[in-house]
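Scroll down for the structure; my scribbles are underneath it.
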Amino acid sequence: MTPPVLLIIPPAPYLISDRAFPPLGILYVASDLQSRGVGVELCDLSGLKDWRKKLRAELESVKPDFAGVTATSPDLPAALAILGECRKARPKMRVIIGGVHATICPSDCSDFDHVISGDGWGAVELAMRPDAPKFISVPPSDFDAIPFPARHLLDMDSYHFYLEGRPAASIMSHLGCPFSCVFCTGRNHDYFRRVRFRSAAKVLEEMDLVAQTYGRDAFVFYDDEFNLDRKHVLDICALLETRGYVWRAPVRADLLDMELASAMRSSGCVEVSVGVESGSARVLEKIGKGVTPEQNTAARDICRRAGIRFKAFTVVGLPGATRADEDATKNWLLDNKPDDFDIAINTPYPGTRQYNFPADMGLSFSCDFKKDVVSYKVAPGKYKGFASNGTLSAQEMVALRDAMDRELRRRLKIPPPGHASSLGAVDHSKGGAAPAVARGILRAVKKRVKSIFQPRQQE
């Protein structure tokens, strides 16, 4: 019997917790391979300090001829370390890499046997052929036709994220974003700009499957902007009216109105996250956001009236931003009083306009993505700066971010990420509770989900 493909999830210790949600991309690859009759084993290294020990044990047990690893730009150093372990344990095994960084910067991944740009599903099987080239680029496929992510290969109970006190699962209703923010990867790349939707019926089917199988009746949409298409959102909301799920989604402020927010709320939406980015109109224009501070304020007011919590994502050190602009961001947050907020450090990633044309953006930076863990979001107290924007140095950005965060949390009475109150009405954490607490909550929710579904299954 042919050994199965070993798919590997790298650890991401720079996050508050890398056991909040599993990366869905590699789970789509797994389900696609299984649908094609290819055996798959999953090696999940997230959350492990001694991940090398587990990887070696998996390689010895599975004895695969092929291994596949996924990597964002911050994950690349870990992916290369995984490659090194694979080479030592099984020198003849072919190792494949895919994900965002491989799609944007395939040359950075040339140490791997095969580099996939684009959808990993479908492409991994191409990489397994005897005559497969090193670099494989595939066009965007029909997202609605891909089997649901192979969550059954994971220990789902080991992932902890809570919404309304309920264990939540991640889900995607579409891929891609057509907008042109200078800090977002792939704005000149068809793969990232083309929007591909899951049908509303498929979205509901996946949510039902997750609820029935894993007892999770809370969901976090991992779309770029959930409300890109008004009809698509309303179709999903109409179907969710028949369920008791709660959910959270990222939305774009200028595409949100009261009717849409009301439909979202009545179908279970309890929280939205909004890329406010800055309180300065000048900075928002420079970064190509296409949204004004006034539109962000209007979206905040809509959510308040609809009864939906509003989490604001902001960034210190955006192109052209001065201390006065950062004060404008702080004042916007104080005036609008979001239910939660996040302040990140501007981090130029490959494939973004600010990375490709730093002089146009007034930026200077130096980093080696093969060696440096370059993340815009990390655990509190561990932020690093990698770029100067001409008025703020990297170190000044970090100091300003930390000071703003402390002051705003004190004045708005919002606890920091990971605080015990994250299990309350407002979810502040990418992590979770202690394992014993998590297990108790999960058991209670599984009972509730079972009672929700029994009547509907009999109707």
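Residues are named by chain letter and number: chains run A, B, ... in the order of the structure tokens, numbers start at 1 in each chain, and ligands are numbered from 1 in the order shown.
DSSP annotation of region 285-329 of chain A from backbone atoms: strand (DSSP E or B) residues are A:Arg309, A:Phe310, A:Lys311, A:Ala312, A:Phe313, A:Thr314, A:Val315, A:Val316.
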Can you spit out the residues from that selection as a compact mmCIF listing (two decimals), in the first residue's frame, using C-alpha atoms?
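Done, and the output landed in out_8.txt:
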# COMPACT_ATOMS: atom_id res chain seq x y z
CA ARG A 309 -20.48 44.25 19.29
CA PHE A 310 -17.89 46.23 17.36
CA LYS A 311 -14.18 45.36 17.43
CA ALA A 312 -11.91 47.95 15.82
CA PHE A 313 -8.61 46.94 14.22
CA THR A 314 -6.08 49.76 14.01
CA VAL A 315 -2.43 50.06 12.98
CA VAL A 316 0.40 52.24 14.29
> Among region 376-420 of chain A, which ones does DSSP place in helix (DSSP H, G or I), written as a VMD selection string?
Replying inline: chain A and resid 394 to 412 420
>> Could you list, as a PyMOL selection string, every residue within 10 Å of Pro23 (chain A), counting only C-alpha atoms and ignoring same-chain residues fewer than 5 positions away?
In response: chain A and resi 9-10+18+28+46+70-71+149+170
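CA of Arg90 (chain A) is found 7.6 Å from CA of Leu59 (chain A).
Between CA of Pro250 (chain A) and CA of Arg282 (chain A) there is a distance of 23.5 Å.
Restricting the calculation to only C-alpha atoms, the smallest distance between Ile136 (chain A) and any of A:Pro74, A:Gly165, A:Gly98, A:Gly351 is found for A:Gly98.
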Write out as JSON lines the residues of region 392-415 of chain A that have any atom within 12 Å of an atom of region 327-330 of chain A, one row each with the nearest atom pair and its distance in Å to one decimal, counting only C-alpha atoms, sorted by chain and then rising number.
{"residue": "A:Leu400", "atom": "CA", "partner": "A:Asp327", "partner_atom": "CA", "distance": 10.0}
{"residue": "A:Arg401", "atom": "CA", "partner": "A:Lys330", "partner_atom": "CA", "distance": 10.2}
{"residue": "A:Ala403", "atom": "CA", "partner": "A:Lys330", "partner_atom": "CA", "distance": 10.6}
{"residue": "A:Met404", "atom": "CA", "partner": "A:Lys330", "partner_atom": "CA", "distance": 7.0}
{"residue": "A:Asp405", "atom": "CA", "partner": "A:Lys330", "partner_atom": "CA", "distance": 9.1}
{"residue": "A:Arg406", "atom": "CA", "partner": "A:Lys330", "partner_atom": "CA", "distance": 11.3}
{"residue": "A:Glu407", "atom": "CA", "partner": "A:Lys330", "partner_atom": "CA", "distance": 9.2}
{"residue": "A:Leu408", "atom": "CA", "partner": "A:Lys330", "partner_atom": "CA", "distance": 7.5}
{"residue": "A:Arg409", "atom": "CA", "partner": "A:Lys330", "partner_atom": "CA", "distance": 11.1}
{"residue": "A:Arg411", "atom": "CA", "partner": "A:Lys330", "partner_atom": "CA", "distance": 11.0}
{"residue": "A:Leu412", "atom": "CA", "partner": "A:Lys330", "partner_atom": "CA", "distance": 11.2}
Could you write out that same residue set with N, CA and C atoms as a compact mmCIF listing (two decimals), in the first residue's frame?
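Output (part13.txt):
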# COMPACT_ATOMS: atom_id res chain seq x y z
N LEU A 400 4.93 53.52 21.14
CA LEU A 400 3.66 54.23 20.99
C LEU A 400 2.48 53.26 21.02
N ARG A 401 2.62 52.15 20.35
CA ARG A 401 1.56 51.14 20.35
C ARG A 401 1.25 50.65 21.76
N ALA A 403 1.93 52.08 24.64
CA ALA A 403 1.39 53.15 25.48
C ALA A 403 -0.09 53.40 25.15
N MET A 404 -0.41 53.43 23.86
CA MET A 404 -1.80 53.62 23.45
C MET A 404 -2.68 52.49 23.96
N ASP A 405 -2.18 51.28 23.83
CA ASP A 405 -2.95 50.11 24.25
C ASP A 405 -3.27 50.18 25.74
N ARG A 406 -2.25 50.50 26.54
CA ARG A 406 -2.46 50.57 28.00
C ARG A 406 -3.46 51.67 28.36
N GLU A 407 -3.28 52.84 27.77
CA GLU A 407 -4.17 53.96 28.09
C GLU A 407 -5.60 53.69 27.67
N LEU A 408 -5.77 53.18 26.45
CA LEU A 408 -7.12 52.94 25.95
C LEU A 408 -7.84 51.86 26.73
N ARG A 409 -7.13 50.81 27.09
CA ARG A 409 -7.78 49.73 27.86
C ARG A 409 -8.18 50.24 29.26
N ARG A 411 -8.93 53.46 30.01
CA ARG A 411 -10.01 54.45 29.91
C ARG A 411 -11.30 53.85 29.37
N LEU A 412 -11.19 52.85 28.51
CA LEU A 412 -12.39 52.21 27.97
C LEU A 412 -12.83 51.01 28.79
